[in-house]
$ cat upload-v4.txt   # compact mmCIF, N, CA and C atoms
# COMPACT_ATOMS: atom_id res chain seq x y z
N MET A 1 -27.08 74.03 160.34
CA MET A 1 -25.85 73.34 160.70
C MET A 1 -25.26 73.95 161.96
N ASN A 2 -24.72 73.11 162.79
CA ASN A 2 -24.06 73.64 163.98
C ASN A 2 -22.60 73.95 163.68
N LYS A 3 -21.94 74.53 164.66
CA LYS A 3 -20.55 74.99 164.48
C LYS A 3 -19.62 73.83 164.11
N GLU A 4 -19.79 72.68 164.79
CA GLU A 4 -18.94 71.51 164.54
C GLU A 4 -19.12 70.97 163.12
N SER A 5 -20.36 70.86 162.66
CA SER A 5 -20.58 70.32 161.32
C SER A 5 -20.13 71.32 160.25
N ASN A 6 -20.23 72.63 160.52
CA ASN A 6 -19.69 73.64 159.60
C ASN A 6 -18.18 73.49 159.48
N TRP A 7 -17.48 73.27 160.60
CA TRP A 7 -16.03 73.10 160.63
C TRP A 7 -15.64 71.85 159.85
N LEU A 8 -16.37 70.77 160.05
CA LEU A 8 -16.08 69.52 159.34
C LEU A 8 -16.28 69.69 157.84
N LYS A 9 -17.35 70.38 157.45
CA LYS A 9 -17.61 70.62 156.03
C LYS A 9 -16.52 71.51 155.42
N PHE A 10 -16.13 72.55 156.16
CA PHE A 10 -15.06 73.43 155.67
C PHE A 10 -13.78 72.63 155.42
N LYS A 11 -13.38 71.80 156.38
CA LYS A 11 -12.15 71.01 156.25
C LYS A 11 -12.24 70.05 155.07
N SER A 12 -13.39 69.43 154.90
CA SER A 12 -13.59 68.49 153.80
C SER A 12 -13.57 69.21 152.44
N ASP A 13 -14.26 70.33 152.37
CA ASP A 13 -14.30 71.10 151.12
C ASP A 13 -12.90 71.60 150.74
N LEU A 14 -12.15 72.06 151.73
CA LEU A 14 -10.79 72.53 151.47
C LEU A 14 -9.91 71.38 151.01
N ARG A 15 -10.07 70.23 151.62
CA ARG A 15 -9.29 69.05 151.22
C ARG A 15 -9.56 68.72 149.74
N GLU A 16 -10.82 68.75 149.33
CA GLU A 16 -11.16 68.46 147.93
C GLU A 16 -10.62 69.53 146.99
N ARG A 17 -10.66 70.78 147.41
CA ARG A 17 -10.14 71.88 146.58
C ARG A 17 -8.63 71.75 146.41
N LEU A 18 -7.94 71.37 147.49
CA LEU A 18 -6.48 71.16 147.40
C LEU A 18 -6.14 69.95 146.54
N LYS A 19 -6.96 68.92 146.59
CA LYS A 19 -6.74 67.75 145.73
C LYS A 19 -6.86 68.15 144.26
N LYS A 20 -7.90 68.92 143.94
CA LYS A 20 -8.08 69.38 142.55
C LYS A 20 -6.89 70.24 142.13
N PHE A 21 -6.45 71.14 143.01
CA PHE A 21 -5.29 71.98 142.72
C PHE A 21 -4.08 71.12 142.41
N THR A 22 -3.84 70.10 143.21
CA THR A 22 -2.71 69.20 143.01
C THR A 22 -2.81 68.48 141.67
N LEU A 23 -3.98 67.97 141.35
CA LEU A 23 -4.16 67.29 140.06
C LEU A 23 -3.95 68.25 138.90
N ASP A 24 -4.41 69.49 139.05
CA ASP A 24 -4.20 70.49 138.00
C ASP A 24 -2.72 70.84 137.85
N ILE A 25 -1.98 70.87 138.95
CA ILE A 25 -0.53 71.10 138.89
C ILE A 25 0.14 69.97 138.11
N ILE A 26 -0.23 68.74 138.42
CA ILE A 26 0.34 67.57 137.72
C ILE A 26 0.08 67.68 136.23
N LYS A 27 -1.15 68.02 135.86
CA LYS A 27 -1.50 68.15 134.43
C LYS A 27 -0.69 69.27 133.77
N LEU A 28 -0.54 70.38 134.47
CA LEU A 28 0.23 71.50 133.92
C LEU A 28 1.68 71.10 133.69
N VAL A 29 2.29 70.49 134.68
CA VAL A 29 3.71 70.10 134.56
C VAL A 29 3.90 69.14 133.39
N GLN A 30 2.93 68.28 133.13
CA GLN A 30 3.03 67.35 132.01
C GLN A 30 3.06 68.06 130.66
N THR A 31 2.54 69.30 130.61
CA THR A 31 2.49 70.04 129.35
C THR A 31 3.69 70.96 129.13
N LEU A 32 4.54 71.10 130.14
CA LEU A 32 5.66 72.04 130.02
C LEU A 32 6.66 71.56 128.97
N PRO A 33 7.34 72.51 128.32
CA PRO A 33 8.37 72.14 127.34
C PRO A 33 9.48 71.31 128.00
N LYS A 34 10.27 70.65 127.21
CA LYS A 34 11.33 69.77 127.73
C LYS A 34 12.67 70.49 127.87
N THR A 35 12.63 71.82 128.06
CA THR A 35 13.86 72.59 128.26
C THR A 35 14.34 72.41 129.71
N SER A 36 15.60 72.71 129.96
CA SER A 36 16.13 72.56 131.31
C SER A 36 15.44 73.52 132.28
N GLU A 37 15.13 74.74 131.83
CA GLU A 37 14.44 75.70 132.70
C GLU A 37 13.05 75.20 133.08
N ALA A 38 12.32 74.74 132.09
CA ALA A 38 10.96 74.24 132.35
C ALA A 38 10.99 73.01 133.24
N LYS A 39 11.97 72.13 133.03
CA LYS A 39 12.08 70.94 133.87
C LYS A 39 12.37 71.31 135.32
N THR A 40 13.27 72.28 135.51
CA THR A 40 13.63 72.71 136.87
C THR A 40 12.42 73.31 137.58
N ILE A 41 11.77 74.26 136.94
CA ILE A 41 10.60 74.88 137.55
C ILE A 41 9.47 73.86 137.71
N GLY A 42 9.28 73.03 136.71
CA GLY A 42 8.24 72.00 136.78
C GLY A 42 8.44 71.05 137.94
N ASN A 43 9.68 70.61 138.14
CA ASN A 43 9.97 69.71 139.27
C ASN A 43 9.71 70.38 140.61
N GLN A 44 10.12 71.64 140.73
CA GLN A 44 9.90 72.37 141.97
C GLN A 44 8.41 72.61 142.22
N LEU A 45 7.70 72.97 141.16
CA LEU A 45 6.26 73.20 141.26
C LEU A 45 5.53 71.91 141.61
N LEU A 46 5.94 70.82 141.00
CA LEU A 46 5.33 69.53 141.28
C LEU A 46 5.55 69.14 142.74
N ARG A 47 6.75 69.38 143.24
CA ARG A 47 7.06 69.06 144.63
C ARG A 47 6.24 69.91 145.60
N SER A 48 6.25 71.21 145.40
CA SER A 48 5.53 72.09 146.33
C SER A 48 4.01 71.96 146.17
N GLY A 49 3.56 71.84 144.94
CA GLY A 49 2.12 71.74 144.68
C GLY A 49 1.49 70.49 145.26
N THR A 50 2.21 69.38 145.22
CA THR A 50 1.68 68.15 145.81
C THR A 50 1.84 68.17 147.33
N SER A 51 2.85 68.86 147.82
CA SER A 51 3.10 68.92 149.25
C SER A 51 2.03 69.72 149.99
N VAL A 52 1.45 70.73 149.34
CA VAL A 52 0.37 71.50 149.96
C VAL A 52 -0.74 70.54 150.39
N TYR A 53 -1.16 69.72 149.45
CA TYR A 53 -2.25 68.77 149.69
C TYR A 53 -1.83 67.69 150.69
N ALA A 54 -0.65 67.14 150.52
CA ALA A 54 -0.18 66.07 151.41
C ALA A 54 -0.10 66.55 152.86
N ASN A 55 0.42 67.74 153.07
CA ASN A 55 0.55 68.24 154.44
C ASN A 55 -0.79 68.65 155.05
N TYR A 56 -1.71 69.12 154.22
CA TYR A 56 -3.05 69.42 154.73
C TYR A 56 -3.74 68.13 155.16
N ARG A 57 -3.61 67.08 154.35
CA ARG A 57 -4.18 65.78 154.74
C ARG A 57 -3.54 65.27 156.03
N ALA A 58 -2.24 65.45 156.15
CA ALA A 58 -1.55 65.04 157.38
C ALA A 58 -2.05 65.85 158.57
N ALA A 59 -2.32 67.13 158.35
CA ALA A 59 -2.85 67.97 159.43
C ALA A 59 -4.19 67.43 159.91
N LEU A 60 -5.03 67.05 158.96
CA LEU A 60 -6.35 66.52 159.33
C LEU A 60 -6.24 65.23 160.12
N ARG A 61 -5.17 64.51 159.93
CA ARG A 61 -4.96 63.24 160.65
C ARG A 61 -4.11 63.43 161.91
N GLY A 62 -3.79 64.67 162.21
CA GLY A 62 -2.93 64.97 163.35
C GLY A 62 -3.48 64.41 164.66
N ARG A 63 -2.57 64.00 165.51
CA ARG A 63 -2.95 63.41 166.79
C ARG A 63 -3.18 64.44 167.87
N SER A 64 -2.85 65.69 167.58
CA SER A 64 -3.03 66.76 168.56
C SER A 64 -3.23 68.08 167.82
N LYS A 65 -3.67 69.09 168.57
CA LYS A 65 -3.82 70.42 167.98
C LYS A 65 -2.47 70.96 167.52
N ALA A 66 -1.42 70.66 168.29
CA ALA A 66 -0.07 71.12 167.93
C ALA A 66 0.39 70.48 166.62
N GLU A 67 0.10 69.19 166.46
CA GLU A 67 0.49 68.51 165.22
C GLU A 67 -0.31 69.04 164.04
N PHE A 68 -1.61 69.29 164.25
CA PHE A 68 -2.44 69.89 163.20
C PHE A 68 -1.84 71.22 162.77
N PHE A 69 -1.52 72.06 163.75
CA PHE A 69 -0.99 73.39 163.47
C PHE A 69 0.35 73.31 162.74
N SER A 70 1.21 72.40 163.16
CA SER A 70 2.51 72.24 162.53
C SER A 70 2.40 71.87 161.06
N LYS A 71 1.56 70.90 160.76
CA LYS A 71 1.37 70.47 159.37
C LYS A 71 0.68 71.55 158.55
N LEU A 72 -0.23 72.28 159.18
CA LEU A 72 -0.89 73.38 158.49
C LEU A 72 0.12 74.46 158.11
N CYS A 73 1.07 74.74 159.00
CA CYS A 73 2.12 75.73 158.71
C CYS A 73 2.95 75.30 157.50
N ILE A 74 3.27 74.02 157.42
CA ILE A 74 4.02 73.51 156.26
C ILE A 74 3.19 73.67 155.00
N SER A 75 1.89 73.40 155.09
CA SER A 75 1.01 73.55 153.94
C SER A 75 0.99 75.00 153.44
N VAL A 76 0.98 75.94 154.38
CA VAL A 76 1.01 77.36 154.00
C VAL A 76 2.32 77.68 153.27
N GLU A 77 3.44 77.21 153.80
CA GLU A 77 4.74 77.46 153.16
C GLU A 77 4.78 76.87 151.75
N GLU A 78 4.26 75.68 151.59
CA GLU A 78 4.28 75.03 150.27
C GLU A 78 3.32 75.72 149.30
N ALA A 79 2.21 76.23 149.81
CA ALA A 79 1.28 76.99 148.95
C ALA A 79 1.94 78.27 148.47
N ASP A 80 2.68 78.92 149.35
CA ASP A 80 3.40 80.13 148.97
C ASP A 80 4.46 79.83 147.92
N GLU A 81 5.16 78.73 148.11
CA GLU A 81 6.19 78.35 147.13
C GLU A 81 5.55 78.00 145.79
N SER A 82 4.43 77.31 145.80
CA SER A 82 3.73 76.96 144.56
C SER A 82 3.32 78.22 143.81
N GLU A 83 2.81 79.20 144.56
CA GLU A 83 2.42 80.47 143.94
C GLU A 83 3.62 81.13 143.28
N MET A 84 4.77 81.07 143.94
CA MET A 84 5.99 81.67 143.39
C MET A 84 6.39 81.00 142.07
N TRP A 85 6.38 79.66 142.03
CA TRP A 85 6.78 78.94 140.82
C TRP A 85 5.79 79.23 139.68
N LEU A 86 4.50 79.29 140.00
CA LEU A 86 3.51 79.62 138.97
C LEU A 86 3.72 81.04 138.46
N ASP A 87 4.04 81.96 139.36
CA ASP A 87 4.33 83.33 138.96
C ASP A 87 5.54 83.38 138.03
N LEU A 88 6.58 82.63 138.37
CA LEU A 88 7.77 82.59 137.50
C LEU A 88 7.46 81.98 136.14
N LEU A 89 6.62 80.97 136.12
CA LEU A 89 6.22 80.38 134.83
C LEU A 89 5.51 81.41 133.97
N MET A 90 4.63 82.19 134.58
CA MET A 90 3.90 83.22 133.82
C MET A 90 4.84 84.31 133.33
N GLU A 91 5.68 84.81 134.23
CA GLU A 91 6.55 85.94 133.91
C GLU A 91 7.66 85.58 132.93
N SER A 92 8.10 84.33 132.93
CA SER A 92 9.22 83.92 132.09
C SER A 92 8.80 83.53 130.68
N ASP A 93 7.51 83.34 130.47
CA ASP A 93 7.00 82.87 129.17
C ASP A 93 7.59 81.53 128.76
N ILE A 94 7.94 80.70 129.73
CA ILE A 94 8.45 79.36 129.43
C ILE A 94 7.39 78.53 128.75
N SER A 95 6.14 78.75 129.15
CA SER A 95 5.03 77.98 128.59
C SER A 95 3.91 78.93 128.20
N ASN A 96 3.18 78.56 127.17
CA ASN A 96 2.02 79.36 126.77
C ASN A 96 0.71 78.68 127.17
N ASN A 97 0.80 77.73 128.12
CA ASN A 97 -0.38 77.02 128.59
C ASN A 97 -1.35 78.04 129.21
N SER A 98 -2.56 78.07 128.69
CA SER A 98 -3.55 79.06 129.14
C SER A 98 -4.04 78.80 130.56
N ASN A 99 -3.78 77.64 131.11
CA ASN A 99 -4.23 77.32 132.46
C ASN A 99 -3.34 77.90 133.55
N ILE A 100 -2.16 78.37 133.20
CA ILE A 100 -1.22 78.86 134.22
C ILE A 100 -1.82 80.02 135.01
N LYS A 101 -2.43 80.96 134.31
CA LYS A 101 -2.97 82.14 134.99
C LYS A 101 -4.09 81.75 135.97
N ALA A 102 -4.98 80.88 135.55
CA ALA A 102 -6.07 80.43 136.43
C ALA A 102 -5.52 79.64 137.61
N LEU A 103 -4.52 78.82 137.35
CA LEU A 103 -3.91 78.04 138.42
C LEU A 103 -3.16 78.95 139.40
N HIS A 104 -2.54 79.99 138.87
CA HIS A 104 -1.87 80.96 139.73
C HIS A 104 -2.90 81.66 140.62
N GLN A 105 -4.02 82.04 140.06
CA GLN A 105 -5.09 82.69 140.84
C GLN A 105 -5.60 81.75 141.93
N GLU A 106 -5.78 80.48 141.60
CA GLU A 106 -6.22 79.50 142.59
C GLU A 106 -5.17 79.35 143.69
N SER A 107 -3.90 79.38 143.33
CA SER A 107 -2.84 79.26 144.34
C SER A 107 -2.89 80.44 145.31
N LEU A 108 -3.17 81.63 144.81
CA LEU A 108 -3.29 82.81 145.68
C LEU A 108 -4.47 82.67 146.63
N GLU A 109 -5.59 82.19 146.11
CA GLU A 109 -6.77 82.02 146.95
C GLU A 109 -6.54 80.95 148.02
N LEU A 110 -5.95 79.84 147.63
CA LEU A 110 -5.67 78.78 148.59
C LEU A 110 -4.68 79.25 149.65
N LEU A 111 -3.68 80.00 149.23
CA LEU A 111 -2.71 80.54 150.18
C LEU A 111 -3.40 81.45 151.20
N LYS A 112 -4.31 82.30 150.74
CA LYS A 112 -5.04 83.19 151.65
C LYS A 112 -5.88 82.39 152.64
N ILE A 113 -6.57 81.36 152.15
CA ILE A 113 -7.41 80.53 153.01
C ILE A 113 -6.56 79.83 154.06
N LEU A 114 -5.49 79.19 153.62
CA LEU A 114 -4.64 78.44 154.55
C LEU A 114 -3.96 79.37 155.56
N ALA A 115 -3.48 80.52 155.10
CA ALA A 115 -2.82 81.47 156.01
C ALA A 115 -3.82 82.03 157.03
N HIS A 116 -5.04 82.30 156.59
CA HIS A 116 -6.07 82.78 157.52
C HIS A 116 -6.42 81.71 158.54
N LEU A 117 -6.52 80.48 158.09
CA LEU A 117 -6.79 79.36 159.00
C LEU A 117 -5.67 79.23 160.03
N ARG A 118 -4.43 79.33 159.58
CA ARG A 118 -3.28 79.26 160.48
C ARG A 118 -3.34 80.38 161.52
N LYS A 119 -3.63 81.59 161.06
CA LYS A 119 -3.69 82.74 161.97
C LYS A 119 -4.82 82.56 162.99
N THR A 120 -5.97 82.10 162.52
CA THR A 120 -7.11 81.90 163.40
C THR A 120 -6.80 80.86 164.47
N ILE A 121 -6.22 79.77 164.08
CA ILE A 121 -5.87 78.70 165.03
C ILE A 121 -4.78 79.17 165.99
N ASN A 122 -3.81 79.90 165.48
CA ASN A 122 -2.74 80.42 166.33
C ASN A 122 -3.31 81.39 167.37
N ASN A 123 -4.24 82.24 166.95
CA ASN A 123 -4.86 83.19 167.90
C ASN A 123 -5.65 82.46 168.97
N LYS A 124 -6.37 81.39 168.60
CA LYS A 124 -7.12 80.60 169.58
C LYS A 124 -6.17 79.93 170.56
N ASN A 125 -5.06 79.40 170.05
CA ASN A 125 -4.08 78.73 170.92
C ASN A 125 -3.41 79.72 171.86
N THR A 126 -3.14 80.92 171.37
CA THR A 126 -2.49 81.96 172.18
C THR A 126 -3.41 82.40 173.32
N LYS A 127 -4.71 82.57 173.01
CA LYS A 127 -5.67 83.03 174.01
C LYS A 127 -5.93 81.98 175.06
N SER A 128 -5.92 80.70 174.66
CA SER A 128 -6.21 79.64 175.63
C SER A 128 -4.98 79.22 176.42
N GLY A 129 -3.80 79.65 175.96
CA GLY A 129 -2.56 79.22 176.60
C GLY A 129 -2.05 80.15 177.56
$ encode --input "upload-v4.txt" --output "structure tokens"
Amino acid sequence: MNKESNWLKFKSDLRERLKKFTLDIIKLVQTLPKTSEAKTIGNQLLRSGTSVYANYRAALRGRSKAEFFSKLCISVEEADESEMWLDLLMESDISNNSNIKALHQESLELLKILAHLRKTINNKNTKSG
């Protein structure tokens, strides 16, 4: 594979991984108790968890490198927020859903990937500018 096809495969694979993450977030939120605390955290997690994927897709459709980078930055912020809400769900014992820990681990991995991608692109833009 050449560099361009590797990049395309990476972007496609990440898009599918983020889609799965988003679907898993939706499933998790559906299982949360109907308490006010769980509803509040669930709503925030649902918003940030779906936004990671939505903004990454928007980045892929960006009309310029600047637009790609901007949407990618939002995706990183939303991934960080999703990780925080999942951490709070685990620490608060609001839910005993066994998938929370695995989903939290996935959120950390996705955050690292997205943040590294952002840093790499920012470094390339800085050097060429």
$ atom_distance --input "upload-v4.txt" --atom1 "atom N of Asp13 in chain A" --atom2 "atom N of Met84 in chain A"
23.4 Å
$ closest_residue --input "upload-v4.txt" --among "A:Ser107, A:Ser82, A:Gln30, A:Ser70" --to "Arg47 in chain A" --atoms "all atoms listed in the file"
A:Ser82
$ atom_distance --input "upload-v4.txt" --atom1 "CA of Leu103 in chain A" --atom2 "CA of Arg17 in chain A"
12.0 Å
$ closest_residue --input "upload-v4.txt" --among "A:Thr31, A:Lys124, A:Arg63, A:Gln44" --to "Ser95 in chain A" --atoms "all atoms listed in the file"
A:Thr31
$ closest_residue --input "upload-v4.txt" --among "A:Ser12, A:Ser98, A:Ser64, A:Ser48" --to "Leu28 in chain A" --atoms "only C-alpha atoms"
A:Ser98
$ residues_near_point --input "upload-v4.txt" --point "(-1.9, 79.9, 157.6)" --cutoff "9 Å" --atoms "only C-alpha atoms" --output "list in words"
Phe69, Leu72, Cys73, Ile74, Ser75, Val76, Glu77, Leu111, Lys112, Ile113, Leu114, Ala115, His116, Leu117, Arg118, Lys119, Thr120, Ile121 and Asn122 of chain A
$ residues_around --input "upload-v4.txt" --residues "Pro33 in chain A" --least-positions-apart "5" --cutoff "12 Å" --atoms "only C-alpha atoms" --output "JSON, numbers by chain"
{"A": [28, 38, 39, 40, 41, 42, 89, 93, 94, 95, 96, 97]}
$ closest_residue --input "upload-v4.txt" --among "A:Asn123, A:Ser92, A:Ser51, A:Asn2" --to "Ile25 in chain A" --atoms "only C-alpha atoms"
A:Ser51
$ atom_distance --input "upload-v4.txt" --atom1 "atom C of Arg15 in chain A" --atom2 "CA of Thr50 in chain A"
11.9 Å
$ closest_residue --input "upload-v4.txt" --among "A:Arg61, A:Asp24, A:Gly49, A:Phe10" --to "Asp80 in chain A" --atoms "only C-alpha atoms"
A:Gly49
$ closest_residue --input "upload-v4.txt" --among "A:Ile100, A:Leu14, A:Leu46, A:Ala54" --to "Asp87 in chain A" --atoms "all atoms listed in the file"
A:Ile100
